[in-house]
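As stored in my_file.cif (mmCIF, C-alpha atoms):
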data_upload
loop_
_atom_site.group_PDB
_atom_site.id
_atom_site.type_symbol
_atom_site.label_atom_id
_atom_site.label_comp_id
_atom_site.auth_asym_id
_atom_site.auth_seq_id
_atom_site.Cartn_x
_atom_site.Cartn_y
_atom_site.Cartn_z
ATOM 1 C CA MET A 1443 8.692 -16.762 -20.345
ATOM 2 C CA SER A 1444 6.677 -19.925 -20.741
ATOM 3 C CA THR A 1445 3.486 -21.035 -22.402
ATOM 4 C CA LYS A 1446 0.159 -21.988 -20.895
ATOM 5 C CA VAL A 1447 -3.138 -23.160 -22.315
ATOM 6 C CA TYR A 1448 -6.240 -21.106 -21.543
ATOM 7 C CA ALA A 1449 -9.635 -21.878 -23.092
ATOM 8 C CA GLY A 1450 -7.928 -24.269 -25.474
ATOM 9 C CA THR A 1451 -5.415 -21.737 -26.780
ATOM 10 C CA GLU A 1452 -1.696 -21.677 -26.067
ATOM 11 C CA VAL A 1453 -0.517 -18.282 -24.790
ATOM 12 C CA THR A 1454 2.837 -16.836 -23.670
ATOM 13 C CA VAL A 1455 3.096 -15.751 -20.034
ATOM 14 C CA ASP A 1456 5.945 -14.235 -18.017
ATOM 15 C CA ASP A 1457 7.517 -15.814 -14.913
ATOM 16 C CA ASP A 1458 4.702 -14.455 -12.712
ATOM 17 C CA GLY A 1459 1.939 -15.694 -15.008
ATOM 18 C CA PHE A 1460 1.086 -12.348 -16.660
ATOM 19 C CA PHE A 1461 0.302 -12.367 -20.381
ATOM 20 C CA ALA A 1462 3.327 -11.383 -22.453
ATOM 21 C CA ASP A 1463 1.036 -10.418 -25.331
ATOM 22 C CA PRO A 1464 -2.332 -8.929 -24.311
ATOM 23 C CA HIS A 1465 -3.649 -9.624 -27.825
ATOM 24 C CA GLN A 1466 -3.628 -13.338 -27.026
ATOM 25 C CA TRP A 1467 -6.248 -12.799 -24.321
ATOM 26 C CA ARG A 1468 -9.917 -13.657 -24.760
ATOM 27 C CA ALA A 1469 -12.732 -13.229 -22.250
ATOM 28 C CA GLU A 1470 -13.272 -17.008 -22.094
ATOM 29 C CA MET A 1471 -9.815 -17.331 -20.520
ATOM 30 C CA ALA A 1472 -10.688 -15.123 -17.552
ATOM 31 C CA PRO A 1473 -12.470 -17.691 -15.335
ATOM 32 C CA GLN A 1474 -9.472 -20.047 -15.360
ATOM 33 C CA LEU A 1475 -7.058 -17.156 -14.755
ATOM 34 C CA ALA A 1476 -9.246 -16.069 -11.843
ATOM 35 C CA ARG A 1477 -9.314 -19.553 -10.317
ATOM 36 C CA GLU A 1478 -5.517 -19.679 -10.477
ATOM 37 C CA SER A 1479 -5.497 -16.405 -8.525
ATOM 38 C CA GLY A 1480 -7.800 -17.801 -5.848
ATOM 39 C CA ILE A 1481 -11.050 -16.307 -7.152
ATOM 40 C CA ASP A 1482 -13.574 -19.093 -7.681
ATOM 41 C CA THR A 1483 -16.295 -17.123 -9.420
ATOM 42 C CA LEU A 1484 -16.030 -13.924 -11.413
ATOM 43 C CA THR A 1485 -18.989 -11.734 -10.457
ATOM 44 C CA ALA A 1486 -20.297 -8.798 -12.460
ATOM 45 C CA GLN A 1487 -18.261 -6.527 -10.230
ATOM 46 C CA HIS A 1488 -15.070 -8.498 -10.886
ATOM 47 C CA TRP A 1489 -15.779 -8.174 -14.594
ATOM 48 C CA GLN A 1490 -16.315 -4.447 -14.279
ATOM 49 C CA VAL A 1491 -12.805 -4.088 -12.818
ATOM 50 C CA VAL A 1492 -11.200 -6.541 -15.266
ATOM 51 C CA LYS A 1493 -12.723 -4.766 -18.272
ATOM 52 C CA PHE A 1494 -11.657 -1.435 -16.834
ATOM 53 C CA MET A 1495 -8.065 -2.669 -16.479
ATOM 54 C CA ARG A 1496 -8.011 -3.696 -20.123
ATOM 55 C CA HIS A 1497 -9.554 -0.405 -21.153
ATOM 56 C CA GLU A 1498 -6.903 1.568 -19.234
ATOM 57 C CA TYR A 1499 -4.165 -0.567 -20.729
ATOM 58 C CA THR A 1500 -5.463 0.030 -24.246
ATOM 59 C CA GLU A 1501 -5.693 3.770 -23.613
ATOM 60 C CA LYS A 1502 -2.463 4.330 -21.720
ATOM 61 C CA GLY A 1503 -0.238 1.353 -22.451
ATOM 62 C CA THR A 1504 -0.101 0.360 -18.778
ATOM 63 C CA GLY A 1505 -2.569 -0.817 -16.173
ATOM 64 C CA PRO A 1506 -3.337 1.442 -13.185
ATOM 65 C CA SER A 1507 -2.082 0.950 -9.622
ATOM 66 C CA VAL A 1508 -4.696 0.283 -6.922
ATOM 67 C CA ARG A 1509 -5.127 3.967 -6.066
ATOM 68 C CA ALA A 1510 -5.510 5.037 -9.679
ATOM 69 C CA LEU A 1511 -7.795 2.078 -10.324
ATOM 70 C CA SER A 1512 -10.069 3.108 -7.459
ATOM 71 C CA LYS A 1513 -10.087 6.786 -8.409
ATOM 72 C CA THR A 1514 -10.855 6.244 -12.073
ATOM 73 C CA SER A 1515 -13.172 3.221 -11.879
ATOM 74 C CA GLY A 1516 -15.219 4.499 -8.950
ATOM 75 C CA VAL A 1517 -14.868 1.161 -7.104
ATOM 76 C CA SER A 1518 -13.684 1.916 -3.550
ATOM 77 C CA ILE A 1519 -10.368 0.619 -2.195
ATOM 78 C CA LYS A 1520 -12.289 -1.471 0.338
ATOM 79 C CA GLU A 1521 -14.417 -3.111 -2.360
ATOM 80 C CA LEU A 1522 -11.384 -3.711 -4.566
ATOM 81 C CA TYR A 1523 -9.682 -5.646 -1.781
ATOM 82 C CA GLN A 1524 -12.889 -7.596 -1.112
ATOM 83 C CA LEU A 1525 -13.038 -8.546 -4.783
ATOM 84 C CA PHE A 1526 -9.303 -9.272 -5.141
ATOM 85 C CA PRO A 1527 -7.919 -9.994 -1.665
ATOM 86 C CA LYS A 1528 -4.435 -10.876 -2.923
ATOM 87 C CA GLY A 1529 -3.863 -7.507 -4.576
ATOM 88 C CA PRO A 1530 -6.536 -5.792 -6.732
ATOM 89 C CA ALA A 1531 -4.427 -4.166 -9.475
ATOM 90 C CA LYS A 1532 -2.093 -7.139 -9.713
ATOM 91 C CA LEU A 1533 -4.780 -9.825 -9.904
ATOM 92 C CA ALA A 1534 -7.170 -7.833 -12.086
ATOM 93 C CA ALA A 1535 -4.280 -7.248 -14.517
ATOM 94 C CA LYS A 1536 -3.444 -10.931 -14.551
ATOM 95 C CA ILE A 1537 -7.069 -11.925 -15.189
ATOM 96 C CA ALA A 1538 -7.388 -9.195 -17.819
ATOM 97 C CA GLY A 1539 -4.357 -10.528 -19.674
ATOM 98 C CA ILE A 1540 -2.287 -7.363 -19.410
ATOM 99 C CA PRO A 1541 1.204 -6.836 -17.904
ATOM 100 C CA LYS A 1542 1.564 -6.279 -14.170
ATOM 101 C CA PRO A 1543 1.134 -2.561 -13.382
ATOM 102 C CA ARG A 1544 4.324 -0.954 -12.119
ATOM 103 C CA GLY A 1545 3.837 1.725 -9.488
ATOM 104 C CA CYS A 1546 4.631 2.326 -5.828
ATOM 105 C CA ILE A 1547 1.397 3.974 -4.696
ATOM 106 C CA MET B 368 13.153 -14.077 10.084
ATOM 107 C CA THR B 369 11.186 -17.211 10.758
ATOM 108 C CA SER B 370 10.637 -19.913 8.218
ATOM 109 C CA ASP B 371 6.896 -19.259 8.523
ATOM 110 C CA ALA B 372 7.427 -15.804 7.070
ATOM 111 C CA LEU B 373 8.329 -17.326 3.766
ATOM 112 C CA THR B 374 6.450 -19.626 1.501
ATOM 113 C CA ALA B 375 8.222 -22.422 -0.286
ATOM 114 C CA ASN B 376 9.014 -20.086 -3.169
ATOM 115 C CA GLY B 377 10.653 -17.510 -0.878
ATOM 116 C CA LYS B 378 7.917 -14.872 -1.064
ATOM 117 C CA ILE B 379 7.110 -12.576 1.858
ATOM 118 C CA GLU B 380 3.588 -13.233 3.174
ATOM 119 C CA LYS B 381 3.317 -10.768 6.045
ATOM 120 C CA VAL B 382 5.003 -7.564 7.290
ATOM 121 C CA SER B 383 4.729 -5.538 10.478
ATOM 122 C CA ILE B 384 6.022 -2.010 10.025
ATOM 123 C CA ILE B 385 7.004 0.171 12.975
ATOM 124 C CA VAL B 386 6.691 3.952 12.550
ATOM 125 C CA SER B 387 8.815 5.708 15.175
ATOM 126 C CA LYS B 388 9.360 9.154 13.650
ATOM 127 C CA GLY B 389 6.995 12.093 13.357
ATOM 128 C CA SER B 390 8.523 13.902 10.395
ATOM 129 C CA LEU B 391 7.195 13.788 6.845
ATOM 130 C CA GLU B 392 10.240 11.892 5.604
ATOM 131 C CA GLY B 393 10.013 9.623 8.632
ATOM 132 C CA ILE B 394 6.389 8.621 8.012
ATOM 133 C CA TYR B 395 5.968 8.331 4.238
ATOM 134 C CA PRO B 396 8.375 5.433 3.615
ATOM 135 C CA ALA B 397 6.491 3.256 6.109
ATOM 136 C CA LEU B 398 3.131 4.163 4.548
ATOM 137 C CA ILE B 399 4.387 3.440 1.040
ATOM 138 C CA MET B 400 5.774 0.096 2.167
ATOM 139 C CA ALA B 401 2.553 -0.870 3.954
ATOM 140 C CA ASN B 402 0.365 0.130 1.041
ATOM 141 C CA GLY B 403 2.701 -1.571 -1.417
ATOM 142 C CA ALA B 404 2.641 -4.748 0.639
ATOM 143 C CA ARG B 405 -1.155 -4.879 0.515
ATOM 144 C CA ALA B 406 -1.112 -4.218 -3.231
ATOM 145 C CA GLU B 407 1.031 -7.354 -3.570
ATOM 146 C CA GLY B 408 -1.386 -9.353 -1.454
ATOM 147 C CA ILE B 409 0.966 -9.318 1.547
ATOM 148 C CA GLU B 410 -0.641 -9.023 4.993
ATOM 149 C CA ALA B 411 0.455 -5.758 6.658
ATOM 150 C CA ASN B 412 0.251 -4.124 10.073
ATOM 151 C CA LEU B 413 1.455 -0.674 11.107
ATOM 152 C CA PHE B 414 2.602 -0.035 14.664
ATOM 153 C CA PHE B 415 2.962 3.640 15.596
ATOM 154 C CA THR B 416 5.330 4.432 18.423
ATOM 155 C CA PHE B 417 6.948 7.538 19.938
ATOM 156 C CA PHE B 418 6.690 10.546 17.604
ATOM 157 C CA GLY B 419 5.314 8.264 14.920
ATOM 158 C CA LEU B 420 2.017 8.542 16.840
ATOM 159 C CA ASP B 421 1.538 11.969 15.235
ATOM 160 C CA ALA B 422 0.729 10.167 11.990
ATOM 161 C CA ILE B 423 -2.499 8.806 13.512
ATOM 162 C CA HIS B 424 -3.211 11.725 15.871
ATOM 163 C CA LYS B 425 -6.490 13.432 14.871
ATOM 164 C CA ALA B 426 -5.242 16.941 15.518
ATOM 165 C CA ARG B 427 -1.710 16.476 14.269
ATOM 166 C CA HIS B 428 -1.700 14.206 11.259
ATOM 167 C CA GLU B 429 -2.655 17.022 8.910
ATOM 168 C CA HIS B 430 0.322 19.054 10.080
ATOM 169 C CA ILE B 431 3.264 16.681 9.635
ATOM 170 C CA LYS B 432 6.364 18.655 8.686
ATOM 171 C CA LEU B 433 9.525 17.917 6.795
ATOM 172 C CA ALA B 434 12.595 18.125 9.055
ATOM 173 C CA THR B 435 14.674 21.023 7.759
ATOM 174 C CA VAL B 436 17.166 20.980 10.633
ATOM 175 C CA GLY B 437 19.604 18.112 11.007
ATOM 176 C CA ASN B 438 18.676 16.777 7.592
ATOM 177 C CA PRO B 439 21.809 16.857 5.428
ATOM 178 C CA GLY B 440 19.910 15.240 2.541
ATOM 179 C CA LEU B 441 18.119 18.548 1.960
ATOM 180 C CA HIS B 442 21.453 20.230 1.111
ATOM 181 C CA LEU B 443 20.369 23.267 3.054
ATOM 182 C CA ALA B 444 22.586 24.974 5.664
ATOM 183 C CA THR B 445 21.449 24.012 9.169
ATOM 184 C CA TRP B 446 21.055 27.672 10.204
ATOM 185 C CA ALA B 447 18.843 28.295 7.147
ATOM 186 C CA GLY B 448 16.714 25.237 7.936
ATOM 187 C CA GLY B 449 16.023 26.688 11.362
ATOM 188 C CA LEU B 450 14.652 30.006 10.139
ATOM 189 C CA PRO B 451 10.948 30.570 10.879
ATOM 190 C CA GLY B 452 8.697 29.240 8.145
ATOM 191 C CA VAL B 453 11.351 27.260 6.281
ATOM 192 C CA SER B 454 9.995 23.903 7.402
ATOM 193 C CA SER B 455 6.467 24.919 6.369
ATOM 194 C CA VAL B 456 7.586 26.141 2.971
ATOM 195 C CA MET B 457 9.649 23.013 2.298
ATOM 196 C CA THR B 458 6.772 20.813 3.484
ATOM 197 C CA HIS B 459 4.390 22.634 1.174
ATOM 198 C CA TYR B 460 6.794 22.259 -1.734
ATOM 199 C CA MET B 461 7.277 18.550 -1.050
ATOM 200 C CA GLY B 462 3.492 18.078 -0.795
ATOM 201 C CA HIS B 463 3.114 19.764 -4.170
ATOM 202 C CA LYS B 464 5.723 17.475 -5.770
ATOM 203 C CA MET B 465 4.107 14.413 -4.222
ATOM 204 C CA GLY B 466 0.673 15.505 -5.425
ATOM 205 C CA GLN B 467 2.019 15.549 -8.983
ATOM 206 C CA LEU B 468 2.979 11.896 -8.546
ATOM 207 C CA ASP B 469 -0.445 11.115 -7.040
ATOM 208 C CA ILE B 470 1.056 10.378 -3.626
ATOM 209 C CA PRO B 471 -1.795 11.255 -1.233
ATOM 210 C CA PRO B 472 -1.422 13.530 1.820
ATOM 211 C CA ILE B 473 -0.787 11.621 5.068
ATOM 212 C CA PRO B 474 -4.379 11.611 6.442
ATOM 213 C CA GLU B 475 -5.795 10.362 3.147
ATOM 214 C CA PHE B 476 -2.973 7.861 2.712
ATOM 215 C CA ILE B 477 -3.545 6.366 6.156
ATOM 216 C CA GLU B 478 -7.284 6.078 5.578
ATOM 217 C CA MET B 479 -6.550 4.364 2.265
ATOM 218 C CA ILE B 480 -4.134 1.928 3.925
ATOM 219 C CA ALA B 481 -6.755 1.059 6.546
ATOM 220 C CA ASP B 482 -9.188 0.406 3.665
ATOM 221 C CA THR B 483 -6.743 -2.085 2.145
ATOM 222 C CA GLY B 484 -7.242 -4.173 5.283
ATOM 223 C CA ALA B 485 -3.937 -3.314 6.956
ATOM 224 C CA GLY B 486 -4.106 -3.046 10.758
ATOM 225 C CA LEU B 487 -3.223 0.240 12.485
ATOM 226 C CA TYR B 488 -2.018 0.052 16.093
ATOM 227 C CA ALA B 489 -0.685 2.544 18.639
ATOM 228 C CA CYS B 490 2.107 1.677 21.079
ATOM 229 C CA LYS B 491 0.871 1.640 24.675
ATOM 230 C CA ALA B 492 4.163 2.799 26.238
ATOM 231 C CA SER B 493 4.235 5.879 23.985
ATOM 232 C CA VAL B 494 0.517 6.593 24.421
ATOM 233 C CA ASP B 495 1.044 6.561 28.217
ATOM 234 C CA LEU B 496 4.225 8.626 27.934
ATOM 235 C CA PHE B 497 2.479 11.375 25.977
ATOM 236 C CA GLY B 498 -0.688 11.205 28.077
ATOM 237 C CA LEU B 499 -2.885 10.282 25.123
ATOM 238 C CA THR B 500 -6.066 8.169 24.876
ATOM 239 C CA LYS B 501 -7.808 6.246 22.089
ATOM 240 C CA ASP B 502 -9.961 9.341 21.468
ATOM 241 C CA ASP B 503 -6.895 11.277 20.335
ATOM 242 C CA PHE B 504 -6.462 8.933 17.400
ATOM 243 C CA ILE B 505 -8.259 8.574 14.100
ATOM 244 C CA ASP B 506 -11.047 5.984 14.011
ATOM 245 C CA GLN B 507 -9.046 3.605 11.825
ATOM 246 C CA VAL B 508 -6.707 2.804 14.734
ATOM 247 C CA LYS B 509 -7.765 -0.666 15.832
ATOM 248 C CA ASP B 510 -6.195 -0.711 19.261
ATOM 249 C CA ILE B 511 -3.524 0.497 21.673
ATOM 250 C CA ILE B 512 -1.248 -2.490 22.226
ATOM 251 C CA THR B 513 1.773 -3.459 24.308
ATOM 252 C CA VAL B 514 5.070 -4.487 22.828
ATOM 253 C CA GLY B 515 4.270 -8.087 23.701
ATOM 254 C CA GLU B 516 0.982 -7.904 21.837
ATOM 255 C CA PHE B 517 2.840 -6.381 18.919
ATOM 256 C CA TYR B 518 5.171 -9.358 18.761
ATOM 257 C CA ASP B 519 2.178 -11.702 18.879
ATOM 258 C CA LEU B 520 0.631 -9.789 16.002
ATOM 259 C CA ALA B 521 3.888 -9.811 14.041
ATOM 260 C CA GLY B 522 4.327 -13.551 14.486
ATOM 261 C CA GLY B 523 5.199 -15.466 11.346
ATOM 262 C CA GLY B 524 6.131 -12.330 9.423
ATOM 263 C CA GLN B 525 8.867 -9.788 8.825
ATOM 264 C CA ILE B 526 9.326 -6.745 11.070
ATOM 265 C CA ILE B 527 10.413 -3.458 9.484
ATOM 266 C CA PHE B 528 11.521 -0.579 11.722
ATOM 267 C CA THR B 529 11.369 2.948 10.335
#

Would you write the structure of this file as structure tokens?
Amino acid sequence: MSTKVYAGTEVTVDDDGFFADPHQWRAEMAPQLARESGIDTLTAQHWQVVKFMRHEYTEKGTGPSVRALSKTSGVSIKELYQLFPKGPAKLAAKIAGIPKPRGCI
Amino acid sequence: MTSDALTANGKIEKVSIIVSKGSLEGIYPALIMANGARAEGIEANLFFTFFGLDAIHKARHEHIKLATVGNPGLHLATWAGGLPGVSSVMTHYMGHKMGQLDIPPIPEFIEMIADTGAGLYACKASVDLFGLTKDDFIDQVKDIITVGEFYDLAGGGQIIFT
């Protein structure tokens, strides 16, 4: 665990940079989180996925894997990888300030 | 392992996974590893060789069976595993269990893996051996390649044989 400053607020993150406490997240932090993950600009479609990740986390206590994310959000696997080339579920979770989803599929 | 395969922090950046078996339990681990690699942002290629070609064969990939003979892990007597229909029943049962865990059937899984940007390749020696052509394979197969081309493709990454 360590701390980082996003949008002027100090937050706790784990060793891989995921938020330890999702309540510390605010939407203003997302652009910087995205840049750190190699995404220069968050488009409306990125936001759709990020918001969906947070929604799923709030509902179920865990973020979805890529397959579940695609099935439930309606964004195709191909599009997800275009939006988040370095791993859609992983990066969207990081940008959404929720823990890394754990799943093998 | 080459030093290129690892970044400074020791993370794997690329994997090339060889699928050499045509049984259900021979194919799934490779697919799960390829899909999981892409989910982590790791570059992945799948190279299908020998009976592993069934996994990308249009007419066969929907009919991949669990090996019920010579599979001590099933804890089933060998003679029982060889009875007609046992392999089909066990395959059906396994498919049902996997469905509950949202593990897709092989054709759907392979299509999904291709959609993640992983490359699918068939081994030329095996394709020639079985008298197959590119038309026998699903559209997602990028190419039929030689072992030398496979090594070129795998350069700078880890190779996993299954």

>> Neighbouring residues of region 1474-1487 of chain A were defined as those with any atom within 10 Å, considering only C-alpha atoms; residues of the same chain fewer than 4 positions away were excluded. Please report them as a ChimeraX atom specification.
In response: /A:1447-1449,1459-1460,1470,1491-1493,1517,1521-1522,1525-1529,1532-1534,1536-1539

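Distances from B:Thr445, B:Ser454, B:Asn402, B:Asn438 to chain A were compared using only C-alpha atoms, and the smallest one belongs to B:Asn402.
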
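When the PyMOL selection byres ((chain B and resi 434) around 8) is evaluated against the file, it yields Ser390, Leu391, Glu392, Lys432, Leu433, Thr435, Val436, Gly437, Asn438 and Ser454 of chain B.
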
> Do you know which residues the PyMOL selection byres ((chain B and resi 384) around 7) returns on this file, as a count of residues only?
Replying inline: 11

>> Translate the PyMOL selection byres ((chain A and resi 1540) around 9) into a concrete residue list for this structure, as a VMD selection string.
In response: chain A and resid 1460 to 1465 1467 1495 to 1496 1499 1504 to 1505 1534 to 1539 1541 to 1543

> Near chain A, which residues of chain B fall within 12 Å when you count all atoms listed in the file, and what do they look like as a VMD selection string?
Replying inline: chain B and resid 376 380 to 381 395 to 411 465 to 466 468 to 472 475 to 476 478 to 485

>> Quick one: residues within 10 Å of His428 (chain B), all atoms listed in the file, excluding same-chain residues fewer than 4 positions away - as a ChimeraX atom specification?
In response: /B:389,391,419-424,432,472-475,477,504-505

>> What does the structure give for the distance between CA of Gly393 (chain B) and CA of Pro1506 (chain A), in Å to one decimal?
In response: 26.9 Å

> From the set B:Gly377, B:Gly486, B:Gly449, B:Pro439, which residue has the shortest atom-to-atom contact distance to Ile512 (chain B), counting all atoms listed in the file?
Replying inline: B:Gly486

>> I'd like the neighbourhood of region 513-520 of chain B as a list in words, where a residue qualifies if any of its atoms comes within 8 Å (using only C-alpha atoms), though same-chain residues fewer than 6 positions away should be ignored.
In response: Phe414, Cys490, Lys491 and Ala492 of chain B

Show me, as lines of an AutoDock Vina configuration file, the centre and edge lengths in Å to one decimal of the axis-aligned box that covers every listed atom of region 1497-1515 of chain A with 8 Å on each side.
center_x = -6.6
center_y = 3.0
center_z = -15.2
size_x = 29.1
size_y = 23.6
size_z = 34.2

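Nearest residue to Lys1513 (chain A) among A:Met1443, A:Asp1457, A:Phe1494, A:Ala1472 is A:Phe1494, counting only C-alpha atoms.
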
> Could you work out how far CA of Met1471 (chain A) lies from CA of Gly1450 (chain A), giving the answer in Å with one decimal?
Replying inline: 8.7 Å

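In this structure, CA of His430 (chain B) sits 12.2 Å away from CA of Ile394 (chain B).
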
Please reconstruct the missing atoms of region 462-473 of chain B (target: N, CA and C atoms) and return them as a CSV table (one decimal), in the frame of the given file.
chain,number,residue,atom,x,y,z
B,462,GLY,N,4.9,18.5,-0.6
B,462,GLY,CA,3.5,18.1,-0.8
B,462,GLY,C,3.0,18.3,-2.2
B,463,HIS,N,3.5,19.4,-2.8
B,463,HIS,CA,3.1,19.8,-4.2
B,463,HIS,C,3.7,18.8,-5.1
B,464,LYS,N,5.0,18.4,-4.9
B,464,LYS,CA,5.7,17.5,-5.8
B,464,LYS,C,5.1,16.1,-5.7
B,465,MET,N,4.7,15.7,-4.4
B,465,MET,CA,4.1,14.4,-4.2
B,465,MET,C,2.7,14.3,-4.9
B,466,GLY,N,2.0,15.4,-4.8
B,466,GLY,CA,0.7,15.5,-5.4
B,466,GLY,C,0.8,15.2,-6.9
B,467,GLN,N,1.8,15.8,-7.5
B,467,GLN,CA,2.0,15.5,-9.0
B,467,GLN,C,2.2,14.1,-9.3
B,468,LEU,N,2.8,13.3,-8.3
B,468,LEU,CA,3.0,11.9,-8.5
B,468,LEU,C,1.8,11.1,-8.0
B,469,ASP,N,0.7,11.8,-7.6
B,469,ASP,CA,-0.4,11.1,-7.0
B,469,ASP,C,-0.2,10.4,-5.7
B,470,ILE,N,0.8,10.9,-5.0
B,470,ILE,CA,1.1,10.4,-3.6
B,470,ILE,C,0.1,11.2,-2.7
B,471,PRO,N,-0.8,10.5,-2.0
B,471,PRO,CA,-1.8,11.3,-1.2
B,471,PRO,C,-1.2,11.9,0.0
B,472,PRO,N,-1.8,13.0,0.5
B,472,PRO,CA,-1.4,13.5,1.8
B,472,PRO,C,-1.6,12.5,2.9
B,473,ILE,N,-0.8,12.7,4.0
B,473,ILE,CA,-0.8,11.6,5.1
B,473,ILE,C,-2.2,11.2,5.6
